[in-house]
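These notes are about the structure you will find just below.
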Amino acid sequence: MSVNKTDAGFVENPAKVRESWDNRLFSVGVVFILLMLGLLCLLPFVYLLAISLSSASPVMRGEVFLIPKQFTISVYQSIISNGSLVKAMGRSVLLTISYVIVSMVMTVLCAYPMAEAGLKGKGILWPYFIFTMYFSGGMIPSYLLVNHLGLIDSMLALILPGMISTYNMIVMRSFFSSIPASLKESALIDGAGDLKILTKIILPLSKPALATIALFYAVSRWNGMQDALLYINDPKKTVLQIKLRQMIVNAESVNEMLEGITGTLPVAQTIRAGALIFSLIPVLIIYPFLQKYFVKGVMIGAVKG
Amino acid sequence: MNRTVIRKRKAGGFGPYFRRHYGLYLMLLGPAVFYLIFCYGPMGGLVIAFKDYNFRKGIWDSEWCGLEVFKRIFSTGKFWRAFKNTLVLNLLSLIFGFPAPILLALLLNEIRNGLFKKGLQTILYLPHFMSWVIIGGMAVQIFATDNGILNVLFQNLGLGSIPFLSSAGAWIGTYVGVGIWQSIGWGAIIYLSAITGIDQEQYEAARVDGCNRFRMMYKITLPNILPTVIIMLILKIGGMVSIGFEQPLMMGNSMVKDVSEVLSTYAYTVGIEQGKFSPAAAIGLFQSAVNLTLVLGANKLCAKISGESIW
């Protein structure tokens, strides 16, 4: 089931009958509205990019809309030479990679046995896992727990508490369930253990689903800010989203980027725009390649949930 | 009688099953411990909502105080303000935000050019992958009263300026609008997938009858995805008191606190910034409890309507 197949509803008429005027009007209207929506989604990014590549004075005068004026990359130079945003980004990259590895291992280990049709004790285990979607301890008890475990200011605080997303686990499980049992049975007869079946037979078959879930995890970790705000106080351990937030909320962290810059000085507005665009780069690089996986993942989750 | 026999046989089968499939239980060990510590652990920690929590004494040694904390919370105006704001923002997001992805899916379904459609979808899904920090930062650049691009444009056109982020009413509109902007594309996927399941013969029959495309969309596509719409609506209503933390935090500011302070940000302020853990935990527990009730109710309703429950 692919989203892109939906236009199959209108099988091309071989006779090429001319469309009636009302259908043509309808088509034009649809395309117009969708183009407007598309622009609405795209323009904010274009605007930010234009601001970040313009000199300070036209920006201050409010002259920059979608095309940079007095083109300059000084904003990006100061972001790189200051280094704090780059470092925060590096930490976020490392954090995201470690988180995705840990989460994938844990999610597969949870989802695979739960997809086993004959698993005994499932009637107890499944509600045990699922209940946590309905009810949670919330922010404060989680904070106290992390604090109690001594994880404040440790990257582990951003990895361990969210190792398994129950939603992702359910999506993974429904994918595993859809693999024909006959594939496993022959291996079982050959005396292979469950772990061997998982790693040798099931996982190689599940690459698209694994990619989808890994991406769900990666995006949530890359964008996640709440736990970092709670658990990481040491400025030397700040992750990207927190650093960005500081730059948006308080002027000092913007001003420190201006130090040591010569020539045309960027202003806060252009620095902020530059920082936002800069932090988008990793997402924008992987986004076009991986979009199709995301869509599939949502559908698996939605249809079978 | 039959049933007891079956149960006995099942119970008797566990030993051999376990010996054969111990690997499965070994796999589940890690996840089970994870859920115990990081999901059920904090639930246990909610007892501090019924205690006078003292950081030095810890959770277990702090004094019990019954419902004292809740009484105090419920008697403060700020709590009710956060509660009201949560409901208002969620309700408005529901009214304006719920139909948006449905309309988008209907429109996207009418596009025949595959490449154009794919390109559009790529762009429309993009905001879903942006963090709220980025969206919040963007919102400031675009909506700020003095130098935001929209107000600069308005002023150039002689229309005056709109305090998108600094007056209560306009802020609510901005909040809801940005929320729709962020979620419309991604939210449309589920309806698009429902549309792919529609029996094509219905369209053929309608075409033979001389039905135009707008009518087909309205009379065939829409009714066919109605079950999905109803399920999504019920789920949304189930989540009425739960609100994300990052959107209100990033979009709110001190000028609009009267409408932007919601339960999640209020719990953060009380608990983390002021260090009053018991009241903050009580706010969280209240929210979780109402949420659980609503979700279970919604699930029941869903089961009644569609014949199967969501999970």
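Ligands are numbered from 1 in the order shown, chains are lettered A, B, ... in the order of the structure tokens, and residues start at 1 in each chain.
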
(request) Name all residues at most 10 Å from B:Ser242 (count only C-alpha atoms; drop same-chain ones fewer than 5 positions away) and give them as a ChimeraX atom specification. (result) /B:86-87,90,236,262-264,284,287-288,290-292

(message) So that I can see what lies close to B:Asn253, please list as a PyMOL selection string the residues with an atom at most 8 Å from it, counting only C-alpha atoms and leaving out residues fewer than 6 positions away in the same chain.
(response) chain B and resi 165-166+260

Give me, as a PDB file with all heavy atoms, in the first residue's frame, all polymer residues having an atom no more than 8 Å from stretch 58-69 of chain B, counting only C-alpha atoms and skipping those fewer than 2 positions away in the same chain.
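Final file, part.pdb:
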```pdb
ATOM      1  N   GLY B  45       6.914   6.689  41.873  1.00  0.00           N
ATOM      2  CA  GLY B  45       7.354   7.973  42.409  1.00  0.00           C
ATOM      3  C   GLY B  45       6.228   8.964  42.587  1.00  0.00           C
ATOM      4  O   GLY B  45       6.372   9.974  43.286  1.00  0.00           O
ATOM      5  N   VAL B  47       3.855   8.710  44.384  1.00  0.00           N
ATOM      6  CA  VAL B  47       3.393   8.777  45.783  1.00  0.00           C
ATOM      7  C   VAL B  47       3.748  10.123  46.408  1.00  0.00           C
ATOM      8  O   VAL B  47       3.096  10.553  47.353  1.00  0.00           O
ATOM      9  CB  VAL B  47       3.973   7.654  46.676  1.00  0.00           C
ATOM     10  CG1 VAL B  47       3.470   6.303  46.242  1.00  0.00           C
ATOM     11  CG2 VAL B  47       5.488   7.709  46.716  1.00  0.00           C
ATOM     12  N   ILE B  48       4.766  10.790  45.869  1.00  0.00           N
ATOM     13  CA  ILE B  48       5.125  12.072  46.490  1.00  0.00           C
ATOM     14  C   ILE B  48       4.018  13.106  46.328  1.00  0.00           C
ATOM     15  O   ILE B  48       4.023  14.128  46.995  1.00  0.00           O
ATOM     16  CB  ILE B  48       6.458  12.660  45.940  1.00  0.00           C
ATOM     17  CG1 ILE B  48       6.331  13.046  44.469  1.00  0.00           C
ATOM     18  CG2 ILE B  48       7.622  11.744  46.181  1.00  0.00           C
ATOM     19  CD1 ILE B  48       7.487  13.910  43.999  1.00  0.00           C
ATOM     20  N   ALA B  49       3.048  12.823  45.464  1.00  0.00           N
ATOM     21  CA  ALA B  49       1.891  13.716  45.373  1.00  0.00           C
ATOM     22  C   ALA B  49       1.065  13.642  46.656  1.00  0.00           C
ATOM     23  O   ALA B  49       0.270  14.536  46.935  1.00  0.00           O
ATOM     24  CB  ALA B  49       1.034  13.358  44.170  1.00  0.00           C
ATOM     25  N   PHE B  50       1.258  12.559  47.411  1.00  0.00           N
ATOM     26  CA  PHE B  50       0.514  12.395  48.659  1.00  0.00           C
ATOM     27  C   PHE B  50       1.427  12.597  49.871  1.00  0.00           C
ATOM     28  O   PHE B  50       1.098  12.234  50.986  1.00  0.00           O
ATOM     29  CB  PHE B  50      -0.124  11.002  48.718  1.00  0.00           C
ATOM     30  CG  PHE B  50      -1.002  10.718  47.538  1.00  0.00           C
ATOM     31  CD1 PHE B  50      -0.524  10.006  46.446  1.00  0.00           C
ATOM     32  CD2 PHE B  50      -2.316  11.191  47.508  1.00  0.00           C
ATOM     33  CE1 PHE B  50      -1.322   9.766  45.343  1.00  0.00           C
ATOM     34  CE2 PHE B  50      -3.134  10.960  46.408  1.00  0.00           C
ATOM     35  CZ  PHE B  50      -2.633  10.250  45.323  1.00  0.00           C
ATOM     36  N   LYS B  51       2.618  13.126  49.592  1.00  0.00           N
ATOM     37  CA  LYS B  51       3.572  13.326  50.679  1.00  0.00           C
ATOM     38  C   LYS B  51       4.044  14.765  50.686  1.00  0.00           C
ATOM     39  O   LYS B  51       3.905  15.469  49.696  1.00  0.00           O
ATOM     40  CB  LYS B  51       4.780  12.405  50.490  1.00  0.00           C
ATOM     41  CG  LYS B  51       4.497  10.951  50.775  1.00  0.00           C
ATOM     42  CD  LYS B  51       5.776  10.149  50.712  1.00  0.00           C
ATOM     43  CE  LYS B  51       5.565   8.795  51.368  1.00  0.00           C
ATOM     44  NZ  LYS B  51       6.829   8.126  51.641  1.00  0.00           N
ATOM     45  N   ASP B  52       4.618  15.137  51.785  1.00  0.00           N
ATOM     46  CA  ASP B  52       5.254  16.447  51.847  1.00  0.00           C
ATOM     47  C   ASP B  52       6.722  16.202  51.515  1.00  0.00           C
ATOM     48  O   ASP B  52       7.541  15.991  52.401  1.00  0.00           O
ATOM     49  CB  ASP B  52       5.076  17.039  53.248  1.00  0.00           C
ATOM     50  CG  ASP B  52       5.602  18.468  53.289  1.00  0.00           C
ATOM     51  OD1 ASP B  52       5.838  19.040  52.210  1.00  0.00           O
ATOM     52  OD2 ASP B  52       5.781  18.979  54.410  1.00  0.00           O
ATOM     53  N   TYR B  53       7.037  16.212  50.221  1.00  0.00           N
ATOM     54  CA  TYR B  53       8.348  15.741  49.792  1.00  0.00           C
ATOM     55  C   TYR B  53       9.464  16.665  50.248  1.00  0.00           C
ATOM     56  O   TYR B  53       9.414  17.876  50.093  1.00  0.00           O
ATOM     57  CB  TYR B  53       8.384  15.613  48.268  1.00  0.00           C
ATOM     58  CG  TYR B  53       9.710  15.106  47.756  1.00  0.00           C
ATOM     59  CD1 TYR B  53      10.084  13.787  47.953  1.00  0.00           C
ATOM     60  CD2 TYR B  53      10.583  15.947  47.084  1.00  0.00           C
ATOM     61  CE1 TYR B  53      11.299  13.312  47.487  1.00  0.00           C
ATOM     62  CE2 TYR B  53      11.807  15.473  46.612  1.00  0.00           C
ATOM     63  CZ  TYR B  53      12.154  14.162  46.827  1.00  0.00           C
ATOM     64  OH  TYR B  53      13.356  13.701  46.366  1.00  0.00           O
ATOM     65  N   ASN B  54      10.466  16.015  50.798  1.00  0.00           N
ATOM     66  CA  ASN B  54      11.637  16.749  51.277  1.00  0.00           C
ATOM     67  C   ASN B  54      12.860  16.121  50.624  1.00  0.00           C
ATOM     68  O   ASN B  54      13.082  14.919  50.724  1.00  0.00           O
ATOM     69  CB  ASN B  54      11.701  16.605  52.807  1.00  0.00           C
ATOM     70  CG  ASN B  54      12.855  17.389  53.385  1.00  0.00           C
ATOM     71  OD1 ASN B  54      13.954  17.383  52.836  1.00  0.00           O
ATOM     72  ND2 ASN B  54      12.611  18.045  54.489  1.00  0.00           N
ATOM     73  N   PHE B  55      13.635  16.935  49.928  1.00  0.00           N
ATOM     74  CA  PHE B  55      14.722  16.399  49.116  1.00  0.00           C
ATOM     75  C   PHE B  55      15.723  15.614  49.954  1.00  0.00           C
ATOM     76  O   PHE B  55      16.249  14.602  49.528  1.00  0.00           O
ATOM     77  CB  PHE B  55      15.440  17.541  48.383  1.00  0.00           C
ATOM     78  CG  PHE B  55      16.015  17.116  47.071  1.00  0.00           C
ATOM     79  CD1 PHE B  55      15.219  17.084  45.929  1.00  0.00           C
ATOM     80  CD2 PHE B  55      17.336  16.719  46.964  1.00  0.00           C
ATOM     81  CE1 PHE B  55      15.725  16.666  44.714  1.00  0.00           C
ATOM     82  CE2 PHE B  55      17.856  16.302  45.742  1.00  0.00           C
ATOM     83  CZ  PHE B  55      17.045  16.279  44.621  1.00  0.00           C
ATOM     84  N   ARG B  56      15.982  16.091  51.172  1.00  0.00           N
ATOM     85  CA  ARG B  56      16.981  15.419  52.009  1.00  0.00           C
ATOM     86  C   ARG B  56      16.469  14.081  52.518  1.00  0.00           C
ATOM     87  O   ARG B  56      17.214  13.123  52.632  1.00  0.00           O
ATOM     88  CB  ARG B  56      17.386  16.318  53.178  1.00  0.00           C
ATOM     89  CG  ARG B  56      18.664  17.131  52.868  1.00  0.00           C
ATOM     90  CD  ARG B  56      18.941  18.128  53.959  1.00  0.00           C
ATOM     91  NE  ARG B  56      17.876  19.118  54.041  1.00  0.00           N
ATOM     92  CZ  ARG B  56      17.265  19.473  55.151  1.00  0.00           C
ATOM     93  NH1 ARG B  56      17.594  18.922  56.285  1.00  0.00           N
ATOM     94  NH2 ARG B  56      16.314  20.390  55.126  1.00  0.00           N
ATOM     95  N   LYS B  71      -5.351  19.507  47.631  1.00  0.00           N
ATOM     96  CA  LYS B  71      -6.209  20.606  48.105  1.00  0.00           C
ATOM     97  C   LYS B  71      -5.542  21.937  47.809  1.00  0.00           C
ATOM     98  O   LYS B  71      -6.175  22.887  47.347  1.00  0.00           O
ATOM     99  CB  LYS B  71      -6.463  20.460  49.613  1.00  0.00           C
ATOM    100  CG  LYS B  71      -7.642  19.561  49.933  1.00  0.00           C
ATOM    101  CD  LYS B  71      -7.903  19.543  51.436  1.00  0.00           C
ATOM    102  CE  LYS B  71      -8.646  18.274  51.825  1.00  0.00           C
ATOM    103  NZ  LYS B  71      -8.370  17.896  53.213  1.00  0.00           N
ATOM    104  N   ARG B  72      -4.235  21.984  48.091  1.00  0.00           N
ATOM    105  CA  ARG B  72      -3.522  23.241  47.869  1.00  0.00           C
ATOM    106  C   ARG B  72      -3.496  23.596  46.378  1.00  0.00           C
ATOM    107  O   ARG B  72      -3.725  24.723  45.983  1.00  0.00           O
ATOM    108  CB  ARG B  72      -2.090  23.132  48.419  1.00  0.00           C
ATOM    109  CG  ARG B  72      -1.844  24.103  49.586  1.00  0.00           C
ATOM    110  CD  ARG B  72      -0.392  24.040  50.040  1.00  0.00           C
ATOM    111  NE  ARG B  72      -0.044  22.706  50.512  1.00  0.00           N
ATOM    112  CZ  ARG B  72       1.173  22.158  50.370  1.00  0.00           C
ATOM    113  NH1 ARG B  72       2.129  22.819  49.753  1.00  0.00           N
ATOM    114  NH2 ARG B  72       1.415  20.955  50.845  1.00  0.00           N
ATOM    115  N   ILE B  73      -3.207  22.585  45.569  1.00  0.00           N
ATOM    116  CA  ILE B  73      -3.144  22.806  44.113  1.00  0.00           C
ATOM    117  C   ILE B  73      -4.491  23.302  43.590  1.00  0.00           C
ATOM    118  O   ILE B  73      -4.574  24.296  42.862  1.00  0.00           O
ATOM    119  CB  ILE B  73      -2.787  21.486  43.391  1.00  0.00           C
ATOM    120  CG1 ILE B  73      -1.322  21.174  43.572  1.00  0.00           C
ATOM    121  CG2 ILE B  73      -3.119  21.554  41.913  1.00  0.00           C
ATOM    122  CD1 ILE B  73      -0.433  22.010  42.725  1.00  0.00           C
ATOM    123  N   SER B 278       6.351  18.011  45.238  1.00  0.00           N
ATOM    124  CA  SER B 278       5.060  17.379  45.517  1.00  0.00           C
ATOM    125  C   SER B 278       3.924  17.998  44.709  1.00  0.00           C
ATOM    126  O   SER B 278       3.174  17.281  44.049  1.00  0.00           O
ATOM    127  CB  SER B 278       4.746  17.436  47.013  1.00  0.00           C
ATOM    128  OG  SER B 278       5.526  16.475  47.676  1.00  0.00           O
ATOM    129  N   PRO B 279       3.759  19.325  44.731  1.00  0.00           N
ATOM    130  CA  PRO B 279       2.679  19.910  43.931  1.00  0.00           C
ATOM    131  C   PRO B 279       2.840  19.617  42.438  1.00  0.00           C
ATOM    132  O   PRO B 279       1.866  19.317  41.750  1.00  0.00           O
ATOM    133  CB  PRO B 279       2.805  21.416  44.193  1.00  0.00           C
ATOM    134  CG  PRO B 279       3.576  21.534  45.442  1.00  0.00           C
ATOM    135  CD  PRO B 279       4.458  20.340  45.520  1.00  0.00           C
ATOM    136  N   ALA B 282       1.740  16.238  41.743  1.00  0.00           N
ATOM    137  CA  ALA B 282       0.282  16.159  41.836  1.00  0.00           C
ATOM    138  C   ALA B 282      -0.369  16.662  40.551  1.00  0.00           C
ATOM    139  O   ALA B 282      -1.356  16.092  40.074  1.00  0.00           O
ATOM    140  CB  ALA B 282      -0.213  16.973  43.039  1.00  0.00           C
TER     141      ALA B 282
END
```

(request) Return the single residue from A:Gln246, A:Asn168, A:Gln77, A:Thr132 that is closest to chain B, with distances computed using only C-alpha atoms. (result)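 The shortest atom-to-atom distance to chain B comes from A:Thr132.
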
Which stretch 180-296 of chain B residues have any atom within 10 Å of an atom of stretch 110-114 of chain B, and for each, what is the nearest pair of atoms with distance in Å to one decimal, counting only C-alpha atoms, rows sorted by chain and number, as a tab-separated table?
```
residue	atom	partner	partner_atom	distance
B:Arg213	CA	B:Glu110	CA	8.4
B:Phe214	CA	B:Glu110	CA	9.3
B:Met217	CA	B:Glu110	CA	8.3
```

Please write the residues from the selection above to a file, keeping all heavy atoms, as a CSV table (one decimal), in the first residue's frame.
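Saved file again_17.csv follows:
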```csv
chain,number,residue,atom,x,y,z
B,213,ARG,N,-15.9,15.4,-10.8
B,213,ARG,CA,-15.0,14.9,-9.8
B,213,ARG,C,-15.2,15.5,-8.4
B,213,ARG,O,-14.9,14.9,-7.4
B,213,ARG,CB,-13.5,15.3,-10.3
B,213,ARG,CG,-13.1,14.3,-11.3
B,213,ARG,CD,-11.8,14.7,-12.0
B,213,ARG,NE,-10.7,14.8,-11.1
B,213,ARG,CZ,-9.6,15.4,-11.3
B,213,ARG,NH1,-9.4,15.9,-12.5
B,213,ARG,NH2,-8.6,15.5,-10.4
B,214,PHE,N,-15.7,16.7,-8.4
B,214,PHE,CA,-15.9,17.3,-7.1
B,214,PHE,C,-17.0,16.5,-6.3
B,214,PHE,O,-16.9,16.2,-5.1
B,214,PHE,CB,-16.4,18.8,-7.2
B,214,PHE,CG,-16.7,19.4,-5.9
B,214,PHE,CD1,-15.6,19.8,-5.0
B,214,PHE,CD2,-18.0,19.6,-5.5
B,214,PHE,CE1,-15.9,20.3,-3.8
B,214,PHE,CE2,-18.3,20.2,-4.2
B,214,PHE,CZ,-17.2,20.5,-3.4
B,217,MET,N,-15.6,13.3,-5.1
B,217,MET,CA,-14.8,13.5,-3.9
B,217,MET,C,-15.7,13.6,-2.6
B,217,MET,O,-15.5,13.0,-1.6
B,217,MET,CB,-14.0,14.7,-4.0
B,217,MET,CG,-13.1,15.1,-2.8
B,217,MET,SD,-12.1,16.5,-3.1
B,217,MET,CE,-13.1,17.8,-2.5
```

(request) Step one, run DSSP on the backbone; step two, keep only residues of stretch 93-186 of chain B assigned to alpha helix (DSSP H); then write them as number ranges by chain. (result) B: 93-97, 99-109, 114-125, 132-143, 149-156, 168-186

(request) Find the residue from A:Leu144, A:Val254, A:Ile164, A:Leu215 that sits nearest to A:Ile97; use only C-alpha atoms when measuring. (result) A:Leu215

(request) With a distance cut-off of 9 Å and only C-alpha atoms, select the neighbouring residues of A:Ile248, excluding the residue or stretch itself and same-chain residues fewer than 2 positions from it, and output the selection as a PyMOL selection string. (result) (chain A and resi 243-246+250-251+253-254+272) or (chain B and resi 133+136-137+140)

Output for the residues just chosen: N, CA and C atoms as a CSV table (one decimal), in the first residue's frame:
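Result saved to part-v1.csv:
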```
chain,number,residue,atom,x,y,z
A,243,LYS,N,21.1,24.5,23.0
A,243,LYS,CA,22.0,25.6,22.6
A,243,LYS,C,21.2,26.5,21.7
A,244,LEU,N,20.4,25.9,20.8
A,244,LEU,CA,19.6,26.8,19.9
A,244,LEU,C,18.6,27.6,20.7
A,245,ARG,N,17.9,26.9,21.7
A,245,ARG,CA,16.9,27.6,22.5
A,245,ARG,C,17.6,28.7,23.2
A,246,GLN,N,18.8,28.5,23.8
A,246,GLN,CA,19.4,29.6,24.5
A,246,GLN,C,19.6,30.8,23.5
A,250,ASN,N,17.8,34.0,24.9
A,250,ASN,CA,18.6,35.0,25.5
A,250,ASN,C,19.7,35.6,24.7
A,251,ALA,N,19.8,36.9,24.8
A,251,ALA,CA,20.7,37.6,23.9
A,251,ALA,C,22.2,37.3,24.1
A,253,SER,N,23.9,34.6,24.6
A,253,SER,CA,24.6,33.6,23.9
A,253,SER,C,24.7,33.9,22.4
A,254,VAL,N,23.9,34.9,22.0
A,254,VAL,CA,24.0,35.4,20.6
A,254,VAL,C,25.2,36.3,20.5
A,272,ARG,N,20.7,34.4,14.5
A,272,ARG,CA,19.7,33.4,14.9
A,272,ARG,C,19.2,32.6,13.7
B,133,VAL,N,12.0,23.7,18.8
B,133,VAL,CA,12.9,24.9,19.0
B,133,VAL,C,13.1,25.6,17.7
B,136,GLY,N,9.8,27.3,16.9
B,136,GLY,CA,9.6,28.5,17.8
B,136,GLY,C,10.5,29.6,17.3
B,137,GLY,N,11.8,29.3,17.0
B,137,GLY,CA,12.7,30.4,16.6
B,137,GLY,C,12.3,31.0,15.3
B,140,VAL,N,9.4,33.4,15.8
B,140,VAL,CA,9.8,34.8,16.3
B,140,VAL,C,10.2,35.6,15.1
```

All residues 8 Å or closer to A:Leu49, only C-alpha atoms, same chain fewer than 2 positions away omitted, as a PDB file with C-alpha atoms, in the first residue's frame:
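Output (out_7.pdb):
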```pdb
ATOM      1  CA  PHE A  45      12.723  28.192   5.382  1.00  0.00           C
ATOM      2  CA  VAL A  46      13.567  30.281   2.333  1.00  0.00           C
ATOM      3  CA  TYR A  47      13.041  33.438   4.364  1.00  0.00           C
ATOM      4  CA  ILE A  51      18.081  36.510   6.247  1.00  0.00           C
ATOM      5  CA  SER A  52      21.090  34.451   7.234  1.00  0.00           C
ATOM      6  CA  LEU A  53      22.860  35.254   3.966  1.00  0.00           C
ATOM      7  CA  PRO A  68      19.448  37.757   0.228  1.00  0.00           C
ATOM      8  CA  ALA A 273      18.486  32.678  11.385  1.00  0.00           C
ATOM      9  CA  GLY A 274      21.919  31.294  10.564  1.00  0.00           C
ATOM     10  CA  ILE A 277      19.463  26.974   9.154  1.00  0.00           C
TER      11      ILE A 277
END
```

(message) My list of candidates is A:Tyr231, A:Phe129, A:Phe176, A:Tyr76. Which is closest to B:Ala32 when distances are computed with only C-alpha atoms?
(response) A:Phe129

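If you look at atom CA of B:Phe34 and atom CA of A:Met106, they are 8.9 Å away from each other.
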
(message) For a test of reading the model, state the distance in Å between atom CA of B:Gly179 and atom CA of A:Ser220, rounded to one decimal.
(response)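 We find that atom CA of B:Gly179 and atom CA of A:Ser220 lie 17.3 Å from each other.
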
(request) For A:Met114, list every protein, DNA or RNA residue within 8 Å, evaluated using only C-alpha atoms, and leave out those in the same chain fewer than 4 positions away; present the list as a ChimeraX atom specification. (result) /A:110,119,122,126,173

Those same residues, written as a compact mmCIF listing (two decimals), in the first residue's frame with C-alpha atoms?
```txt
# COMPACT_ATOMS: atom_id res chain seq x y z
CA CYS A 110 10.97 -6.64 22.95
CA LEU A 119 4.49 -17.20 23.33
CA LYS A 122 1.96 -12.96 26.50
CA TRP A 126 1.56 -7.37 26.60
CA ARG A 173 5.92 -6.14 16.32
```

(message) Under the rule that only C-alpha atoms are counted, which of B:Ile180, B:Met250, B:Cys302, B:Ile231 is the nearest residue to A:Gln241?
(response)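 Checking each candidate against A:Gln241, we get B:Met250 as the closest.
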
(request) Write out as a list of chain:residue names each polymer residue whose atoms come within 9 Å of B:Gly244, counting only C-alpha atoms; drop sequence neighbours fewer than 3 positions from it. (result)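 Result of the neighbour search: B:Gln247, B:Pro248, B:Leu249, B:Ser264, B:Thr265.
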
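With only C-alpha atoms as the basis for measurement, A:Asn23 is the residue among A:Ser74, A:Ser182, A:Ser54, A:Asn23 that approaches chain B most closely.
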
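With only C-alpha atoms as the atoms that count, the residue of B:Ser167, B:Ser93, B:Gln155, B:Ser131 with the shortest distance to chain A is B:Ser131.
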
(request) Figure out the distance between atom CA of A:Gly162 and atom CA of B:Thr269, please, to one decimal in Å. (result)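 Here the two named atoms are 22.5 Å from each other.
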